[in-house]
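Structure file protein-v2.cif; described as mmCIF, C-alpha atoms, pLDDT in the B column; chains and numbers go by the auth columns.
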```cif
data_entry
#
loop_
_atom_site.group_PDB
_atom_site.id
_atom_site.type_symbol
_atom_site.label_atom_id
_atom_site.label_comp_id
_atom_site.label_asym_id
_atom_site.label_seq_id
_atom_site.Cartn_x
_atom_site.Cartn_y
_atom_site.Cartn_z
_atom_site.B_iso_or_equiv
_atom_site.auth_seq_id
_atom_site.auth_asym_id
ATOM 1 C CA MET A 1 -25.678 -31.329 8.659 88.00 1 D
ATOM 2 C CA SER A 2 -25.000 -34.919 9.626 90.00 2 D
ATOM 3 C CA ILE A 3 -27.603 -37.658 9.612 89.00 3 D
ATOM 4 C CA THR A 4 -27.635 -37.682 13.410 90.00 4 D
ATOM 5 C CA GLN A 5 -28.279 -33.944 13.584 94.00 5 D
ATOM 6 C CA GLN A 6 -31.093 -34.281 11.030 94.00 6 D
ATOM 7 C CA TYR A 7 -32.626 -37.120 13.054 93.00 7 D
ATOM 8 C CA LEU A 8 -32.505 -35.061 16.261 94.00 8 D
ATOM 9 C CA LEU A 9 -34.100 -32.092 14.505 95.00 9 D
ATOM 10 C CA ASP A 10 -36.877 -34.286 13.051 96.00 10 D
ATOM 11 C CA ALA A 11 -37.472 -35.925 16.440 95.00 11 D
ATOM 12 C CA HIS A 12 -37.699 -32.509 18.109 96.00 12 D
ATOM 13 C CA ARG A 13 -40.202 -31.251 15.513 96.00 13 D
ATOM 14 C CA ALA A 14 -42.286 -34.426 15.850 96.00 14 D
ATOM 15 C CA ARG A 15 -42.348 -34.038 19.641 95.00 15 D
ATOM 16 C CA GLN A 16 -43.508 -30.407 19.314 96.00 16 D
ATOM 17 C CA HIS A 17 -46.361 -31.456 17.000 96.00 17 D
ATOM 18 C CA GLY A 18 -47.321 -34.470 19.112 96.00 18 D
ATOM 19 C CA GLU A 19 -46.393 -36.950 16.388 95.00 19 D
ATOM 20 C CA ALA A 20 -44.422 -40.185 16.604 94.00 20 D
ATOM 21 C CA ALA A 21 -40.650 -39.839 16.382 91.00 21 D
ATOM 22 C CA PRO A 22 -39.015 -41.057 13.149 91.00 22 D
ATOM 23 C CA PRO A 23 -36.991 -44.285 13.285 88.00 23 D
ATOM 24 C CA ALA A 24 -33.377 -43.864 14.317 87.00 24 D
ATOM 25 C CA PRO A 25 -30.804 -43.938 11.513 86.00 25 D
ATOM 26 C CA GLY A 26 -29.548 -47.455 10.868 84.00 26 D
ATOM 27 C CA SER A 27 -32.359 -49.143 12.781 82.00 27 D
ATOM 28 C CA HIS A 28 -33.564 -50.898 9.624 85.00 28 D
ATOM 29 C CA ALA A 29 -30.137 -51.763 8.218 89.00 29 D
ATOM 30 C CA TRP A 30 -30.312 -55.508 8.995 89.00 30 D
ATOM 31 C CA ARG A 31 -33.829 -55.676 7.594 90.00 31 D
ATOM 32 C CA LEU A 32 -32.538 -54.192 4.345 91.00 32 D
ATOM 33 C CA VAL A 33 -29.668 -56.701 4.201 91.00 33 D
ATOM 34 C CA ARG A 34 -32.118 -59.588 4.693 92.00 34 D
ATOM 35 C CA GLU A 35 -34.426 -58.252 1.980 94.00 35 D
ATOM 36 C CA LEU A 36 -31.521 -57.936 -0.465 92.00 36 D
ATOM 37 C CA ARG A 37 -30.422 -61.511 0.317 90.00 37 D
ATOM 38 C CA ASP A 38 -33.969 -62.816 -0.187 92.00 38 D
ATOM 39 C CA HIS A 39 -34.288 -60.918 -3.458 93.00 39 D
ATOM 40 C CA GLY A 40 -31.051 -62.464 -4.704 90.00 40 D
ATOM 41 C CA ARG A 41 -32.319 -65.918 -3.812 89.00 41 D
ATOM 42 C CA PHE A 42 -35.604 -65.228 -5.596 92.00 42 D
ATOM 43 C CA ARG A 43 -33.784 -64.095 -8.746 92.00 43 D
ATOM 44 C CA ALA A 44 -31.608 -67.228 -8.613 88.00 44 D
ATOM 45 C CA VAL A 45 -34.685 -69.462 -8.515 88.00 45 D
ATOM 46 C CA LEU A 46 -36.221 -67.633 -11.476 93.00 46 D
ATOM 47 C CA ALA A 47 -32.971 -68.135 -13.403 91.00 47 D
ATOM 48 C CA GLY A 48 -32.943 -71.860 -12.587 88.00 48 D
ATOM 49 C CA ARG A 49 -29.953 -71.729 -10.231 82.00 49 D
ATOM 50 C CA PRO A 50 -29.831 -73.037 -6.660 78.00 50 D
ATOM 51 C CA ALA A 51 -31.172 -70.461 -4.210 78.00 51 D
ATOM 52 C CA ARG A 52 -28.859 -71.444 -1.361 77.00 52 D
ATOM 53 C CA GLY A 53 -25.238 -72.513 -1.309 72.00 53 D
ATOM 54 C CA ARG A 54 -24.466 -71.009 -4.706 65.00 54 D
ATOM 55 C CA LEU A 55 -20.873 -70.167 -3.820 70.00 55 D
ATOM 56 C CA TRP A 56 -20.220 -73.632 -2.403 70.00 56 D
ATOM 57 C CA TRP A 57 -21.817 -75.248 -5.475 66.00 57 D
ATOM 58 C CA ARG A 58 -19.679 -73.190 -7.849 70.00 58 D
ATOM 59 C CA LEU A 59 -16.464 -73.983 -5.973 73.00 59 D
ATOM 60 C CA ARG A 60 -17.367 -77.678 -5.888 73.00 60 D
ATOM 61 C CA SER A 61 -18.059 -77.799 -9.622 72.00 61 D
ATOM 62 C CA ARG A 62 -14.819 -75.914 -10.330 71.00 62 D
ATOM 63 C CA ARG A 63 -12.863 -78.446 -8.252 68.00 63 D
ATOM 64 C CA ALA A 64 -14.496 -81.281 -10.176 64.00 64 D
ATOM 65 C CA ASP A 65 -13.554 -79.646 -13.515 65.00 65 D
ATOM 66 C CA VAL A 66 -9.924 -79.276 -12.440 62.00 66 D
ATOM 67 C CA SER A 67 -9.872 -82.881 -11.226 64.00 67 D
ATOM 68 C CA ARG A 68 -11.324 -84.135 -14.515 63.00 68 D
ATOM 69 C CA ARG A 69 -8.740 -82.209 -16.531 64.00 69 D
ATOM 70 C CA ALA A 70 -5.897 -83.587 -14.382 65.00 70 D
ATOM 71 C CA HIS A 71 -7.098 -87.166 -14.893 62.00 71 D
ATOM 72 C CA ALA A 72 -7.548 -86.607 -18.631 65.00 72 D
ATOM 73 C CA ARG A 73 -3.872 -85.676 -19.008 63.00 73 D
ATOM 74 C CA VAL A 74 -2.661 -88.951 -17.511 57.00 74 D
#
```

Rewrite the coordinates I just gave you, this time as structure tokens.
Amino acid sequence: MSITQQYLLDAHRARQHGEAAPPAPGSHAWRLVRELRDHGRFRAVLAGRPARGRLWWRLRSRRADVSRRAHARV
């Protein structure tokens, strides 16, 4: 049974019992993505890392390291 079929069956049963229909599959997907992003930011702050722009910061520091090494060879 697919998730859509299960949802339709649950919605039908809820309607028969006069209850509220369950949320549609995937309706909370973006909420979950946002919560995961926020949790990652929270963990970064606890670890003492920047909460935003971590990828940009890492690439910038890597470029600076490469630049320093190139100048040291000269």

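The residues returned by the PyMOL selection byres ((chain D and resi 22) around 12) for this structure are Thr4, Gln6, Tyr7, Leu8, Leu9, Asp10, Ala11, His12, Arg13, Ala14, Arg15, Glu19, Ala20, Ala21, Pro23, Ala24, Pro25, Gly26, Ser27 and His28 of chain D.
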
4 Å per side around stretch 1-11 of chain D: axis-aligned box centre and edge lengths, as JSON:
```
{"center_x": -31.2, "center_y": -34.5, "center_z": 12.5, "size_x": 20.5, "size_y": 14.4, "size_z": 15.8}
```

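Of note, atom CA of D:Arg41 and atom CA of D:Leu55 are spaced 12.2 Å apart.
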
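Nearest residue to D:Ala51 among D:His17, D:Trp30, D:Gln5, D:Asp38 is D:Asp38, counting all atoms listed in the file.
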
Quiz item: Which distance in Å separates atom CA of D:Ala44 and atom CA of D:Trp56, to one decimal?
Solution: 14.5 Å

Mind filling out stretch 28-39 of chain D with all heavy atoms and sending it as a short mmCIF file (atom, residue, chain, number, x, y, z; two decimals), keeping the file's coordinate frame?
```
data_model
loop_
_atom_site.label_atom_id
_atom_site.label_comp_id
_atom_site.auth_asym_id
_atom_site.auth_seq_id
_atom_site.Cartn_x
_atom_site.Cartn_y
_atom_site.Cartn_z
N HIS D 28 -33.02 -49.92 10.57
CA HIS D 28 -33.56 -50.90 9.62
C HIS D 28 -32.49 -51.48 8.71
O HIS D 28 -32.80 -52.07 7.69
CB HIS D 28 -34.66 -50.26 8.77
CG HIS D 28 -35.83 -49.80 9.57
ND1 HIS D 28 -36.66 -50.67 10.23
CD2 HIS D 28 -36.30 -48.56 9.84
CE1 HIS D 28 -37.60 -49.99 10.86
NE2 HIS D 28 -37.40 -48.70 10.65
N ALA D 29 -31.22 -51.32 9.09
CA ALA D 29 -30.14 -51.76 8.22
C ALA D 29 -30.15 -53.28 8.04
O ALA D 29 -29.99 -53.78 6.91
CB ALA D 29 -28.80 -51.31 8.78
N TRP D 30 -30.32 -54.05 9.12
CA TRP D 30 -30.31 -55.51 8.99
C TRP D 30 -31.52 -56.00 8.22
O TRP D 30 -31.44 -56.98 7.49
CB TRP D 30 -30.26 -56.17 10.37
CG TRP D 30 -28.90 -56.06 10.95
CD1 TRP D 30 -28.52 -55.34 12.04
CD2 TRP D 30 -27.70 -56.66 10.45
NE1 TRP D 30 -27.17 -55.45 12.25
CE2 TRP D 30 -26.64 -56.26 11.28
CE3 TRP D 30 -27.42 -57.48 9.38
CZ2 TRP D 30 -25.33 -56.68 11.07
CZ3 TRP D 30 -26.12 -57.90 9.18
CH2 TRP D 30 -25.10 -57.49 10.01
N ARG D 31 -32.63 -55.31 8.36
CA ARG D 31 -33.83 -55.68 7.59
C ARG D 31 -33.55 -55.51 6.11
O ARG D 31 -33.93 -56.35 5.29
CB ARG D 31 -34.99 -54.81 8.04
CG ARG D 31 -36.27 -55.10 7.34
CD ARG D 31 -37.38 -54.25 7.92
NE ARG D 31 -38.49 -54.20 6.99
CZ ARG D 31 -39.48 -53.35 7.07
NH1 ARG D 31 -39.51 -52.47 8.04
NH2 ARG D 31 -40.44 -53.35 6.19
N LEU D 32 -32.89 -54.44 5.74
CA LEU D 32 -32.54 -54.19 4.34
C LEU D 32 -31.60 -55.27 3.82
O LEU D 32 -31.78 -55.78 2.71
CB LEU D 32 -31.90 -52.81 4.19
CG LEU D 32 -31.37 -52.47 2.80
CD1 LEU D 32 -32.52 -52.37 1.82
CD2 LEU D 32 -30.58 -51.18 2.84
N VAL D 33 -30.61 -55.66 4.62
CA VAL D 33 -29.67 -56.70 4.20
C VAL D 33 -30.41 -58.01 3.96
O VAL D 33 -30.18 -58.71 2.97
CB VAL D 33 -28.56 -56.88 5.26
CG1 VAL D 33 -27.73 -58.12 4.99
CG2 VAL D 33 -27.67 -55.64 5.30
N ARG D 34 -31.33 -58.36 4.86
CA ARG D 34 -32.12 -59.59 4.69
C ARG D 34 -32.97 -59.53 3.44
O ARG D 34 -33.09 -60.52 2.70
CB ARG D 34 -33.01 -59.81 5.91
CG ARG D 34 -32.33 -60.59 7.00
CD ARG D 34 -33.33 -60.97 8.09
NE ARG D 34 -32.79 -60.47 9.35
CZ ARG D 34 -33.22 -59.41 10.01
NH1 ARG D 34 -34.22 -58.72 9.59
NH2 ARG D 34 -32.64 -59.04 11.12
N GLU D 35 -33.59 -58.39 3.17
CA GLU D 35 -34.43 -58.25 1.98
C GLU D 35 -33.60 -58.38 0.71
O GLU D 35 -34.04 -58.99 -0.26
CB GLU D 35 -35.18 -56.93 2.01
CG GLU D 35 -36.30 -56.92 3.03
CD GLU D 35 -37.03 -55.59 3.07
OE1 GLU D 35 -36.80 -54.73 2.19
OE2 GLU D 35 -37.84 -55.41 3.99
N LEU D 36 -32.39 -57.81 0.70
CA LEU D 36 -31.52 -57.94 -0.46
C LEU D 36 -31.10 -59.39 -0.68
O LEU D 36 -31.07 -59.88 -1.81
CB LEU D 36 -30.28 -57.05 -0.30
CG LEU D 36 -30.52 -55.55 -0.45
CD1 LEU D 36 -29.26 -54.79 -0.08
CD2 LEU D 36 -30.96 -55.22 -1.86
N ARG D 37 -30.78 -60.09 0.41
CA ARG D 37 -30.42 -61.51 0.32
C ARG D 37 -31.59 -62.32 -0.24
O ARG D 37 -31.42 -63.14 -1.15
CB ARG D 37 -30.03 -62.04 1.69
CG ARG D 37 -29.63 -63.51 1.68
CD ARG D 37 -29.67 -64.11 3.04
NE ARG D 37 -31.02 -64.04 3.56
CZ ARG D 37 -31.34 -64.10 4.85
NH1 ARG D 37 -30.40 -64.21 5.74
NH2 ARG D 37 -32.58 -64.05 5.25
N ASP D 38 -32.79 -62.08 0.28
CA ASP D 38 -33.97 -62.82 -0.19
C ASP D 38 -34.26 -62.52 -1.65
O ASP D 38 -34.66 -63.40 -2.41
CB ASP D 38 -35.18 -62.48 0.67
CG ASP D 38 -35.06 -63.02 2.08
OD1 ASP D 38 -34.20 -63.90 2.30
OD2 ASP D 38 -35.83 -62.56 2.95
N HIS D 39 -34.06 -61.28 -2.05
CA HIS D 39 -34.29 -60.92 -3.46
C HIS D 39 -33.29 -61.64 -4.37
O HIS D 39 -33.66 -62.12 -5.44
CB HIS D 39 -34.18 -59.41 -3.64
CG HIS D 39 -34.43 -58.95 -5.03
ND1 HIS D 39 -35.68 -58.99 -5.61
CD2 HIS D 39 -33.59 -58.47 -5.98
CE1 HIS D 39 -35.60 -58.54 -6.85
NE2 HIS D 39 -34.34 -58.22 -7.10
#
```
